[in-house]
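S.K.: If it helps, the file is called data-v6.tsv and holds TSV, C-alpha atoms and all ligand atoms:
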chain	number	residue	atom	x	y	z
A	8	MET	CA	3.89	22.24	-3.67
A	9	LYS	CA	3.08	20.89	-0.23
A	10	LYS	CA	5.51	18.42	1.31
A	11	LEU	CA	4.37	14.83	1.56
A	12	LYS	CA	3.53	13.66	5.05
A	13	LEU	CA	3.42	9.91	5.50
A	14	THR	CA	2.01	8.15	8.57
A	15	TRP	CA	2.25	4.39	9.16
A	16	LEU	CA	-1.01	3.09	10.63
A	17	GLY	CA	0.31	-0.47	10.96
A	18	HIS	CA	0.38	-3.40	8.53
A	19	SER	CA	-0.14	-1.95	5.01
A	20	ALA	CA	-2.19	1.05	6.12
A	21	PHE	CA	-0.63	4.44	5.42
A	22	LEU	CA	-1.96	7.96	5.37
A	23	PHE	CA	-0.36	10.13	2.67
A	24	GLU	CA	-1.04	13.83	3.06
A	25	ALA	CA	-0.16	16.53	0.55
A	26	GLU	CA	-2.73	18.22	-1.67
A	27	GLN	CA	-5.22	15.59	-0.50
A	28	LYS	CA	-5.34	12.88	2.15
A	29	VAL	CA	-4.94	9.38	0.74
A	30	LEU	CA	-5.41	6.30	2.91
A	31	THR	CA	-4.24	2.85	1.78
A	32	ASP	CA	-5.55	-0.56	2.91
A	33	PRO	CA	-7.10	0.68	6.17
A	34	PHE	CA	-6.90	-2.39	8.41
A	35	LEU	CA	-7.47	-0.88	11.85
A	36	SER	CA	-10.35	-2.36	13.84
A	37	GLY	CA	-9.11	-5.92	13.23
A	38	ASN	CA	-5.45	-5.09	13.82
A	39	PRO	CA	-4.28	-5.71	17.39
A	40	LYS	CA	-1.39	-3.28	16.80
A	41	ALA	CA	-3.35	-0.44	15.17
A	42	PRO	CA	-2.11	2.90	16.53
A	43	CYS	CA	-5.50	4.62	16.13
A	44	ASP	CA	-9.20	3.97	15.55
A	45	SER	CA	-10.60	4.13	12.05
A	46	GLU	CA	-12.99	6.81	13.40
A	47	ALA	CA	-10.01	9.16	13.75
A	48	LEU	CA	-9.40	9.14	10.00
A	49	ASN	CA	-10.98	11.52	7.47
A	50	PRO	CA	-9.34	10.73	4.13
A	51	ASP	CA	-10.30	12.26	0.79
A	52	ILE	CA	-9.47	9.02	-0.99
A	53	ILE	CA	-9.04	5.38	0.04
A	54	ALA	CA	-7.04	3.10	-2.26
A	55	VAL	CA	-7.47	-0.63	-1.70
A	56	SER	CA	-5.03	-3.16	-3.16
A	57	HIS	CA	-7.04	-6.39	-2.86
A	58	GLY	CA	-9.91	-8.13	-1.10
A	59	HIS	CA	-8.20	-9.80	1.84
A	60	ALA	CA	-9.58	-8.81	5.23
A	61	ASP	CA	-6.27	-7.26	6.32
A	62	HIS	CA	-6.48	-4.82	3.37
A	63	LEU	CA	-10.16	-4.12	2.69
A	64	GLY	CA	-10.29	-3.65	6.47
A	65	ASP	CA	-12.46	-0.68	7.51
A	66	THR	CA	-12.83	0.71	3.99
A	67	ILE	CA	-16.61	0.40	3.86
A	68	ALA	CA	-17.16	1.87	7.35
A	69	ILE	CA	-14.85	4.83	6.67
A	70	GLY	CA	-16.40	5.37	3.23
A	71	LYS	CA	-19.89	5.43	4.76
A	72	ARG	CA	-18.91	7.88	7.49
A	73	VAL	CA	-16.72	10.24	5.48
A	74	GLY	CA	-18.17	9.99	1.97
A	75	CYS	CA	-14.67	9.85	0.47
A	76	ARG	CA	-13.66	8.45	-2.90
A	77	ILE	CA	-12.76	4.75	-2.87
A	78	ILE	CA	-10.64	3.35	-5.67
A	79	THR	CA	-9.76	-0.27	-6.17
A	80	LEU	CA	-9.81	-3.10	-8.66
A	81	HIS	CA	-13.02	-3.50	-10.64
A	82	GLU	CA	-14.30	-6.64	-8.90
A	83	LEU	CA	-13.68	-5.32	-5.42
A	84	ALA	CA	-15.35	-2.01	-6.34
A	85	ASN	CA	-18.45	-4.01	-7.31
A	86	TYR	CA	-18.42	-5.74	-3.93
A	87	ILE	CA	-18.07	-2.43	-2.06
A	88	LYS	CA	-20.93	-0.96	-4.12
A	89	SER	CA	-23.08	-3.98	-3.16
A	90	LYS	CA	-22.66	-2.76	0.45
A	91	GLY	CA	-24.17	0.61	-0.40
A	92	VAL	CA	-20.93	2.62	-0.67
A	93	PHE	CA	-19.75	4.07	-3.96
A	94	ALA	CA	-16.39	2.83	-5.20
A	95	GLU	CA	-14.55	3.33	-8.49
A	96	GLY	CA	-13.05	0.37	-10.26
A	97	MET	CA	-9.89	0.35	-12.31
A	98	ASN	CA	-7.43	-2.19	-13.60
A	99	LYS	CA	-3.76	-2.89	-14.29
A	100	GLY	CA	-1.95	-0.29	-16.34
A	101	GLY	CA	-4.71	2.27	-16.06
A	102	THR	CA	-4.43	5.64	-14.35
A	103	LEU	CA	-7.14	7.45	-12.44
A	104	LYS	CA	-6.59	11.11	-11.65
A	105	ILE	CA	-8.40	12.72	-8.77
A	106	LYS	CA	-7.60	16.43	-8.92
A	107	ASP	CA	-3.82	16.59	-8.43
A	108	VAL	CA	-3.31	13.01	-7.25
A	109	SER	CA	-2.86	10.17	-9.72
A	110	PHE	CA	-3.18	6.44	-9.19
A	111	THR	CA	-1.80	3.95	-11.67
A	112	MET	CA	-2.66	0.35	-10.95
A	113	THR	CA	0.23	-2.10	-11.10
A	114	ASP	CA	0.41	-5.85	-10.99
A	115	ALA	CA	0.96	-7.81	-7.77
A	116	LEU	CA	1.85	-11.45	-7.37
A	117	HIS	CA	-0.73	-12.58	-4.83
A	118	SER	CA	-4.44	-13.50	-4.58
A	119	SER	CA	-7.53	-11.44	-3.83
A	120	SER	CA	-10.49	-13.42	-2.48
A	121	ILE	CA	-12.94	-11.08	-0.76
A	122	ASP	CA	-12.82	-12.61	2.72
A	123	ALA	CA	-15.70	-10.42	3.93
A	124	SER	CA	-17.99	-11.75	1.19
A	125	GLY	CA	-17.71	-15.33	2.44
A	126	PHE	CA	-16.08	-16.03	-0.95
A	127	SER	CA	-19.32	-15.42	-2.85
A	128	PHE	CA	-17.78	-12.58	-4.88
A	129	ASP	CA	-15.01	-12.84	-7.43
A	130	GLY	CA	-12.17	-10.98	-5.80
A	131	GLY	CA	-10.46	-10.07	-9.06
A	132	SER	CA	-6.69	-9.91	-9.20
A	133	PRO	CA	-4.54	-8.17	-6.57
A	134	ALA	CA	-2.83	-4.91	-7.32
A	135	GLY	CA	-0.35	-2.28	-6.29
A	136	PHE	CA	-0.42	1.43	-7.06
A	137	ILE	CA	1.88	4.12	-8.30
A	138	ILE	CA	0.64	7.17	-6.45
A	139	GLY	CA	1.66	10.52	-7.85
A	140	MET	CA	1.33	13.23	-5.20
A	141	GLY	CA	3.31	15.87	-3.34
A	142	GLY	CA	5.91	15.89	-6.13
A	143	HIS	CA	6.68	12.21	-5.55
A	144	SER	CA	6.16	9.00	-7.47
A	145	ILE	CA	5.33	6.42	-4.83
A	146	TYR	CA	5.24	2.68	-5.48
A	147	TYR	CA	2.79	1.11	-3.03
A	148	ALA	CA	3.30	-2.58	-3.79
A	149	GLY	CA	0.31	-4.06	-1.91
A	150	ASP	CA	0.77	-7.74	-1.04
A	151	THR	CA	3.13	-9.28	-3.53
A	152	GLY	CA	5.98	-11.58	-4.23
A	153	VAL	CA	8.88	-10.19	-6.21
A	154	PHE	CA	8.37	-10.28	-10.00
A	155	GLY	CA	10.58	-9.33	-12.93
A	156	ASP	CA	8.25	-6.63	-14.23
A	157	MET	CA	9.12	-4.48	-11.24
A	158	LYS	CA	11.86	-3.41	-13.65
A	159	LEU	CA	9.14	-2.11	-15.96
A	160	ILE	CA	7.63	-0.21	-13.02
A	161	ARG	CA	11.06	1.41	-12.59
A	162	GLU	CA	11.31	2.29	-16.28
A	163	LEU	CA	7.80	3.69	-16.61
A	164	TYR	CA	7.17	5.49	-13.32
A	165	GLU	CA	10.61	6.05	-11.75
A	166	PRO	CA	9.31	5.82	-8.19
A	167	ASP	CA	11.45	7.66	-5.67
A	168	ILE	CA	9.65	6.09	-2.71
A	169	ALA	CA	8.64	2.43	-2.45
A	170	LEU	CA	6.52	0.74	0.19
A	171	LEU	CA	7.25	-2.98	0.15
A	172	PRO	CA	5.96	-5.90	2.21
A	173	ILE	CA	8.65	-7.87	4.04
A	174	GLY	CA	6.61	-10.11	6.38
A	175	ASP	CA	7.13	-13.38	4.46
A	176	GLN	CA	4.73	-16.37	4.34
A	177	PHE	CA	1.99	-14.35	2.54
A	178	THR	CA	4.23	-11.88	0.69
A	179	MET	CA	7.88	-11.28	-0.02
A	180	GLY	CA	10.28	-11.97	2.79
A	181	ILE	CA	13.53	-10.06	3.22
A	182	ARG	CA	15.46	-11.92	0.53
A	183	GLU	CA	12.80	-11.20	-2.11
A	184	ALA	CA	12.20	-7.62	-0.96
A	185	VAL	CA	15.93	-6.88	-1.31
A	186	LYS	CA	15.68	-8.09	-4.92
A	187	ALA	CA	12.58	-5.91	-5.41
A	188	VAL	CA	14.59	-2.87	-4.30
A	189	GLU	CA	17.26	-3.74	-6.87
A	190	LEU	CA	14.59	-3.79	-9.59
A	191	VAL	CA	12.65	-0.68	-8.53
A	192	ARG	CA	15.67	1.41	-7.41
A	193	PRO	CA	13.80	3.96	-5.29
A	194	LYS	CA	15.63	6.57	-3.21
A	195	ILE	CA	13.70	5.55	-0.11
A	196	VAL	CA	12.06	2.27	0.79
A	197	ILE	CA	9.70	1.78	3.70
A	198	PRO	CA	8.94	-1.79	4.84
A	199	MET	CA	5.35	-2.80	5.60
A	200	HIS	CA	3.17	-5.87	6.24
A	201	TYR	CA	5.28	-7.25	9.10
A	202	GLY	CA	5.03	-7.54	12.87
A	203	THR	CA	1.22	-7.52	12.91
A	204	PHE	CA	0.84	-11.22	13.74
A	205	ALA	CA	3.25	-13.94	14.85
A	206	ALA	CA	3.32	-15.41	11.33
A	207	ILE	CA	4.81	-12.23	9.87
A	208	GLU	CA	7.26	-11.29	12.62
A	209	GLN	CA	10.32	-9.85	10.90
A	210	ASP	CA	13.38	-7.84	11.79
A	211	PRO	CA	13.23	-4.69	9.64
A	212	GLU	CA	16.82	-3.84	10.67
A	213	GLU	CA	17.97	-6.96	8.85
A	214	PHE	CA	16.19	-5.70	5.72
A	215	LYS	CA	17.74	-2.24	6.15
A	216	LYS	CA	21.24	-3.69	6.50
A	217	ALA	CA	20.85	-5.90	3.43
A	218	VAL	CA	19.46	-3.09	1.23
A	219	GLU	CA	21.88	-0.39	2.34
A	220	ALA	CA	24.89	-2.71	1.90
A	221	LYS	CA	24.00	-3.05	-1.80
A	222	GLY	CA	23.32	0.42	-3.12
A	223	GLU	CA	22.05	3.92	-2.71
A	224	THR	CA	18.53	3.16	-1.51
A	225	LYS	CA	17.86	4.26	2.04
A	226	VAL	CA	15.52	2.21	4.24
A	227	MET	CA	13.30	4.14	6.63
A	228	ILE	CA	11.79	1.99	9.36
A	229	LEU	CA	8.70	3.64	10.79
A	230	LYS	CA	7.27	3.05	14.24
A	231	LEU	CA	3.56	2.35	14.54
A	232	GLY	CA	1.74	5.65	14.18
A	233	GLU	CA	4.92	7.53	13.26
A	234	ALA	CA	4.69	10.33	10.70
A	235	ILE	CA	7.52	11.57	8.51
A	236	GLU	CA	7.83	14.32	5.93
A	237	LEU	CA	9.38	13.63	2.56
B	1	NI	NI	-3.33	-10.41	1.03
B	2	MN	MN	-2.05	-9.11	3.58
Translate this structure into structure tokens?

M.R.:
Amino acid sequence: MKKLKLTWLGHSAFLFEAEQKVLTDPFLSGNPKAPCDSEALNPDIIAVSHGHADHLGDTIAIGKRVGCRIITLHELANYIKSKGVFAEGMNKGGTLKIKDVSFTMTDALHSSSIDASGFSFDGGSPAGFIIGMGGHSIYYAGDTGVFGDMKLIRELYEPDIALLPIGDQFTMGIREAVKAVELVRPKIVIPMHYGTFAAIEQDPEEFKKAVEAKGETKVMILKLGEAIEL
């Protein structure tokens, strides 16, 4: 089994590399803090959590250039297909396996209008993913508030790694994300969706202190563009 390499591309964009290369919510060309151009990325799969511009991001452009698989919620897949790029839809509770990588769609407490469509498409309902790859069960929460069924995510999928938004205003802030860690109980949590814009400035060290004071979960704060092996 190959080790999992994880690179933070800013905001909620991550590149997961093991048997295949999986890119999440590739918001690069519109992100003033993006550590690389979307042209530098050649994923096998893109997973998109919802229709907001800071998540759909460069999905269509990368999909066109690379010809990779794109998986997302049903309604957003229809929108992407309307732009001439193939995308596969799925929905909450379902699992899609692509060779040795599995994606299970989870709930998220948020909204999902497709900003790029000028609101003419139904954006469906926002999601997170459990990604099974590299011997890990990874909970990629997407944009969400904390919700009680994160406990169910723990029971069903036992994620050892969780990627949680902490930026506040549009998603969980630190207080809620600390509660999410209590519910999900991963070994490692990586904060995301903060620091991109003034509205979501956040001190990840404060999150780390609060989580690590409570239990066994370790918080890993990544720098923009930083890669780690897990
Ligand atoms: Ni959003
Ligand atoms: Mn967002």

S.K.: Please build the interface table for chain A against ligand NI 1 (chain B) with a cut-off of 9 Å, listing for each qualifying residue the nearest atom pair and the distance in Å to one decimal; count all atoms listed in the file, order rows by chain and increasing number, and write it as JSON lines.

M.R.:
{"residue": "A:Ser56", "atom": "CA", "partner": "B:NI1", "partner_atom": "NI", "distance": 8.5}
{"residue": "A:His57", "atom": "CA", "partner": "B:NI1", "partner_atom": "NI", "distance": 6.7}
{"residue": "A:Gly58", "atom": "CA", "partner": "B:NI1", "partner_atom": "NI", "distance": 7.3}
{"residue": "A:His59", "atom": "CA", "partner": "B:NI1", "partner_atom": "NI", "distance": 5.0}
{"residue": "A:Ala60", "atom": "CA", "partner": "B:NI1", "partner_atom": "NI", "distance": 7.7}
{"residue": "A:Asp61", "atom": "CA", "partner": "B:NI1", "partner_atom": "NI", "distance": 6.8}
{"residue": "A:His62", "atom": "CA", "partner": "B:NI1", "partner_atom": "NI", "distance": 6.8}
{"residue": "A:His117", "atom": "CA", "partner": "B:NI1", "partner_atom": "NI", "distance": 6.8}
{"residue": "A:Ser118", "atom": "CA", "partner": "B:NI1", "partner_atom": "NI", "distance": 6.5}
{"residue": "A:Ser119", "atom": "CA", "partner": "B:NI1", "partner_atom": "NI", "distance": 6.5}
{"residue": "A:Ser120", "atom": "CA", "partner": "B:NI1", "partner_atom": "NI", "distance": 8.5}
{"residue": "A:Pro133", "atom": "CA", "partner": "B:NI1", "partner_atom": "NI", "distance": 8.0}
{"residue": "A:Gly149", "atom": "CA", "partner": "B:NI1", "partner_atom": "NI", "distance": 7.9}
{"residue": "A:Asp150", "atom": "CA", "partner": "B:NI1", "partner_atom": "NI", "distance": 5.3}
{"residue": "A:Thr151", "atom": "CA", "partner": "B:NI1", "partner_atom": "NI", "distance": 8.0}
{"residue": "A:Phe177", "atom": "CA", "partner": "B:NI1", "partner_atom": "NI", "distance": 6.8}
{"residue": "A:Thr178", "atom": "CA", "partner": "B:NI1", "partner_atom": "NI", "distance": 7.7}

S.K.: Would you mind reading off the distance between atom CA of Leu170 of chain A and atom CA of Asp114 of chain A, one decimal, in Å?

M.R.: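 Pair atom CA of Leu170 of chain A / atom CA of Asp114 of chain A returns 14.3 Å.
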
S.K.: Please provide as a ChimeraX atom specification all residues within 10 Å of Asp156 of chain A, with the sequence filter that same-chain residues fewer than 3 positions apart are discarded (counting all atoms listed in the file).

M.R.: /A:113-115,153,159-162,187,190-191

S.K.: Considering only C-alpha atoms, state which residue in the set A:Gly135, A:Gly100, A:Pro166, A:Gly125 is at the smallest distance from Val55 of chain A.

M.R.: A:Gly135

S.K.: Between A:Gly96, A:Gly152, A:Pro193, A:Pro198, which residue has the minimum interatomic distance to Glu82 of chain A, considering only C-alpha atoms?

M.R.: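 The shortest atom-to-atom distance to Glu82 of chain A comes from A:Gly96.
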
S.K.: Rounded to one decimal place, report the atom CA of Gly141 of chain A-atom CA of Ile235 of chain A distance in Å.

M.R.: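 Atom-to-atom, atom CA of Gly141 of chain A to atom CA of Ile235 of chain A, that is 13.3 Å.
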
S.K.: So, counting all atoms listed in the file, which residue among A:Phe204, A:Gln27, A:Glu213, A:Phe93 is closest to Pro39 of chain A?

M.R.: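 Between A:Phe204, A:Gln27, A:Glu213, A:Phe93, the residue approaching Pro39 of chain A most closely is A:Phe204.
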
S.K.: List as an mmCIF file with C-alpha atoms, keeping the file's coordinate frame the protein and nucleic acid residues near Ser109 of chain A, meaning an atom at most 12 Å away when all atoms listed in the file are counted, but skip any in the same chain fewer than 2 places from it.

M.R.:
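Written output follows (part-v6.cif):
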data_model
loop_
_atom_site.group_PDB
_atom_site.id
_atom_site.type_symbol
_atom_site.label_atom_id
_atom_site.label_comp_id
_atom_site.auth_asym_id
_atom_site.auth_seq_id
_atom_site.Cartn_x
_atom_site.Cartn_y
_atom_site.Cartn_z
ATOM 1 C CA GLU A 26 -2.730 18.220 -1.670
ATOM 2 C CA GLN A 27 -5.220 15.590 -0.500
ATOM 3 C CA VAL A 29 -4.940 9.380 0.740
ATOM 4 C CA ILE A 52 -9.470 9.020 -0.990
ATOM 5 C CA ALA A 54 -7.040 3.100 -2.260
ATOM 6 C CA ILE A 78 -10.640 3.350 -5.670
ATOM 7 C CA GLY A 101 -4.710 2.270 -16.060
ATOM 8 C CA THR A 102 -4.430 5.640 -14.350
ATOM 9 C CA LEU A 103 -7.140 7.450 -12.440
ATOM 10 C CA LYS A 104 -6.590 11.110 -11.650
ATOM 11 C CA ILE A 105 -8.400 12.720 -8.770
ATOM 12 C CA LYS A 106 -7.600 16.430 -8.920
ATOM 13 C CA ASP A 107 -3.820 16.590 -8.430
ATOM 14 C CA THR A 111 -1.800 3.950 -11.670
ATOM 15 C CA MET A 112 -2.660 0.350 -10.950
ATOM 16 C CA PHE A 136 -0.420 1.430 -7.060
ATOM 17 C CA ILE A 137 1.880 4.120 -8.300
ATOM 18 C CA ILE A 138 0.640 7.170 -6.450
ATOM 19 C CA GLY A 139 1.660 10.520 -7.850
ATOM 20 C CA MET A 140 1.330 13.230 -5.200
ATOM 21 C CA GLY A 141 3.310 15.870 -3.340
ATOM 22 C CA GLY A 142 5.910 15.890 -6.130
ATOM 23 C CA HIS A 143 6.680 12.210 -5.550
ATOM 24 C CA SER A 144 6.160 9.000 -7.470
ATOM 25 C CA ILE A 145 5.330 6.420 -4.830
ATOM 26 C CA TYR A 146 5.240 2.680 -5.480
ATOM 27 C CA TYR A 164 7.170 5.490 -13.320
#

S.K.: Quick one: of A:Met179, A:Leu22, A:Ala94, A:Leu80, who's nearest to ligand MN 2 (chain B), counting only C-alpha atoms and all ligand atoms?

M.R.: A:Met179

S.K.: Compare A:Cys75, A:Ala206, A:Ile69, A:Leu231 by their minimum atom-to-atom distance to ligand MN 2 (chain B), counting all atoms listed in the file, and give me the closest one.

M.R.: A:Ala206

S.K.: Interatomic distance between atom CA of Ala123 of chain A and atom CA of Thr203 of chain A?

M.R.: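 Taking atom CA of Ala123 of chain A as the start and atom CA of Thr203 of chain A as the end point, the length is 19.4 Å.
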
S.K.: Using all atoms listed in the file, can you tell me which of A:Glu212, A:Glu95, A:Asp167, A:Asp175 comes closest to ligand MN 2 (chain B)?

M.R.: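 Of A:Glu212, A:Glu95, A:Asp167, A:Asp175, the one nearest ligand MN 2 (chain B), counting all atoms listed in the file, is A:Asp175.
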
S.K.: Every residue with an atom at most 6 Å from (7.3, 0.3, 0.6) (file coordinates; only C-alpha atoms) is what I'm after, so could you write them as a PyMOL selection string?

M.R.: chain A and resi 147+169-171+196-198

S.K.: Within 9 Å of (-9.7, 7.5, 5.2) (coordinates as in the file), grab all the protein and nucleic acid residues, counting all atoms listed in the file, and write them out as a PyMOL selection string.

M.R.: chain A and resi 22+28-31+33+45-53+65-66+69-70+73+75

S.K.: Need the shell around Lys10 of chain A: protein/DNA/RNA residues with any atom at most 7 Å away, counting only C-alpha atoms. Skip same-chain ones fewer than 6 positions apart. Format as a list in words?

M.R.: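 Non-adjacent residues within range: Ala25, Gly141, Glu236 and Leu237 of chain A.
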
S.K.: Would you mind completing segment 150-170 of chain A so that it carries N, CA, C and O atoms, and writing it out as a PDB file, in the coordinates of the input?

M.R.:
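File result.pdb, as written:
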ATOM      1  N   ASP A 150       0.203  -6.432  -1.398  1.00  0.00           N
ATOM      2  CA  ASP A 150       0.770  -7.740  -1.040  1.00  0.00           C
ATOM      3  C   ASP A 150       1.313  -8.343  -2.311  1.00  0.00           C
ATOM      4  O   ASP A 150       0.569  -8.519  -3.281  1.00  0.00           O
ATOM      5  N   THR A 151       2.575  -8.688  -2.306  1.00  0.00           N
ATOM      6  CA  THR A 151       3.130  -9.280  -3.530  1.00  0.00           C
ATOM      7  C   THR A 151       4.391 -10.068  -3.248  1.00  0.00           C
ATOM      8  O   THR A 151       5.095  -9.812  -2.258  1.00  0.00           O
ATOM      9  N   GLY A 152       4.657 -11.004  -4.130  1.00  0.00           N
ATOM     10  CA  GLY A 152       5.980 -11.580  -4.230  1.00  0.00           C
ATOM     11  C   GLY A 152       6.787 -10.692  -5.158  1.00  0.00           C
ATOM     12  O   GLY A 152       6.251  -9.760  -5.773  1.00  0.00           O
ATOM     13  N   VAL A 153       8.079 -10.959  -5.265  1.00  0.00           N
ATOM     14  CA  VAL A 153       8.880 -10.190  -6.210  1.00  0.00           C
ATOM     15  C   VAL A 153       8.590 -10.712  -7.618  1.00  0.00           C
ATOM     16  O   VAL A 153       8.312 -11.894  -7.794  1.00  0.00           O
ATOM     17  N   PHE A 154       8.573  -9.838  -8.608  1.00  0.00           N
ATOM     18  CA  PHE A 154       8.370 -10.280 -10.000  1.00  0.00           C
ATOM     19  C   PHE A 154       9.224  -9.403 -10.914  1.00  0.00           C
ATOM     20  O   PHE A 154       9.514  -8.237 -10.606  1.00  0.00           O
ATOM     21  N   GLY A 155       9.623  -9.992 -12.053  1.00  0.00           N
ATOM     22  CA  GLY A 155      10.580  -9.330 -12.930  1.00  0.00           C
ATOM     23  C   GLY A 155      10.098  -8.009 -13.498  1.00  0.00           C
ATOM     24  O   GLY A 155      10.903  -7.113 -13.789  1.00  0.00           O
ATOM     25  N   ASP A 156       8.780  -7.865 -13.656  1.00  0.00           N
ATOM     26  CA  ASP A 156       8.250  -6.630 -14.230  1.00  0.00           C
ATOM     27  C   ASP A 156       8.305  -5.437 -13.277  1.00  0.00           C
ATOM     28  O   ASP A 156       7.921  -4.327 -13.645  1.00  0.00           O
ATOM     29  N   MET A 157       8.839  -5.652 -12.084  1.00  0.00           N
ATOM     30  CA  MET A 157       9.120  -4.480 -11.240  1.00  0.00           C
ATOM     31  C   MET A 157      10.133  -3.583 -11.950  1.00  0.00           C
ATOM     32  O   MET A 157      10.172  -2.378 -11.719  1.00  0.00           O
ATOM     33  N   LYS A 158      10.916  -4.179 -12.829  1.00  0.00           N
ATOM     34  CA  LYS A 158      11.860  -3.410 -13.650  1.00  0.00           C
ATOM     35  C   LYS A 158      11.105  -2.459 -14.590  1.00  0.00           C
ATOM     36  O   LYS A 158      11.529  -1.331 -14.837  1.00  0.00           O
ATOM     37  N   LEU A 159       9.988  -2.932 -15.092  1.00  0.00           N
ATOM     38  CA  LEU A 159       9.140  -2.110 -15.960  1.00  0.00           C
ATOM     39  C   LEU A 159       8.522  -0.954 -15.147  1.00  0.00           C
ATOM     40  O   LEU A 159       8.387   0.172 -15.645  1.00  0.00           O
ATOM     41  N   ILE A 160       8.160  -1.257 -13.908  1.00  0.00           N
ATOM     42  CA  ILE A 160       7.630  -0.210 -13.020  1.00  0.00           C
ATOM     43  C   ILE A 160       8.689   0.881 -12.851  1.00  0.00           C
ATOM     44  O   ILE A 160       8.405   2.075 -12.910  1.00  0.00           O
ATOM     45  N   ARG A 161       9.946   0.455 -12.675  1.00  0.00           N
ATOM     46  CA  ARG A 161      11.060   1.410 -12.590  1.00  0.00           C
ATOM     47  C   ARG A 161      11.136   2.271 -13.858  1.00  0.00           C
ATOM     48  O   ARG A 161      11.214   3.498 -13.805  1.00  0.00           O
ATOM     49  N   GLU A 162      11.123   1.587 -15.013  1.00  0.00           N
ATOM     50  CA  GLU A 162      11.310   2.290 -16.280  1.00  0.00           C
ATOM     51  C   GLU A 162      10.176   3.288 -16.552  1.00  0.00           C
ATOM     52  O   GLU A 162      10.401   4.402 -17.007  1.00  0.00           O
ATOM     53  N   LEU A 163       8.960   2.864 -16.274  1.00  0.00           N
ATOM     54  CA  LEU A 163       7.800   3.690 -16.610  1.00  0.00           C
ATOM     55  C   LEU A 163       7.553   4.826 -15.625  1.00  0.00           C
ATOM     56  O   LEU A 163       7.206   5.931 -16.016  1.00  0.00           O
ATOM     57  N   TYR A 164       7.667   4.543 -14.334  1.00  0.00           N
ATOM     58  CA  TYR A 164       7.170   5.490 -13.320  1.00  0.00           C
ATOM     59  C   TYR A 164       8.256   6.087 -12.435  1.00  0.00           C
ATOM     60  O   TYR A 164       7.980   6.995 -11.659  1.00  0.00           O
ATOM     61  N   GLU A 165       9.477   5.545 -12.524  1.00  0.00           N
ATOM     62  CA  GLU A 165      10.610   6.050 -11.750  1.00  0.00           C
ATOM     63  C   GLU A 165      10.252   6.414 -10.319  1.00  0.00           C
ATOM     64  O   GLU A 165      10.459   7.566  -9.883  1.00  0.00           O
ATOM     65  N   PRO A 166       9.696   5.478  -9.567  1.00  0.00           N
ATOM     66  CA  PRO A 166       9.310   5.820  -8.190  1.00  0.00           C
ATOM     67  C   PRO A 166      10.510   6.217  -7.347  1.00  0.00           C
ATOM     68  O   PRO A 166      11.561   5.577  -7.423  1.00  0.00           O
ATOM     69  N   ASP A 167      10.367   7.278  -6.586  1.00  0.00           N
ATOM     70  CA  ASP A 167      11.450   7.660  -5.670  1.00  0.00           C
ATOM     71  C   ASP A 167      11.215   7.102  -4.265  1.00  0.00           C
ATOM     72  O   ASP A 167      12.126   7.048  -3.453  1.00  0.00           O
ATOM     73  N   ILE A 168       9.978   6.712  -4.002  1.00  0.00           N
ATOM     74  CA  ILE A 168       9.650   6.090  -2.710  1.00  0.00           C
ATOM     75  C   ILE A 168       8.952   4.766  -3.004  1.00  0.00           C
ATOM     76  O   ILE A 168       8.070   4.710  -3.871  1.00  0.00           O
ATOM     77  N   ALA A 169       9.342   3.702  -2.293  1.00  0.00           N
ATOM     78  CA  ALA A 169       8.640   2.430  -2.450  1.00  0.00           C
ATOM     79  C   ALA A 169       8.234   1.894  -1.083  1.00  0.00           C
ATOM     80  O   ALA A 169       9.001   1.986  -0.123  1.00  0.00           O
ATOM     81  N   LEU A 170       7.005   1.387  -1.021  1.00  0.00           N
ATOM     82  CA  LEU A 170       6.520   0.740   0.190  1.00  0.00           C
ATOM     83  C   LEU A 170       6.369  -0.737  -0.138  1.00  0.00           C
ATOM     84  O   LEU A 170       5.566  -1.095  -1.010  1.00  0.00           O
TER      85      LEU A 170
END
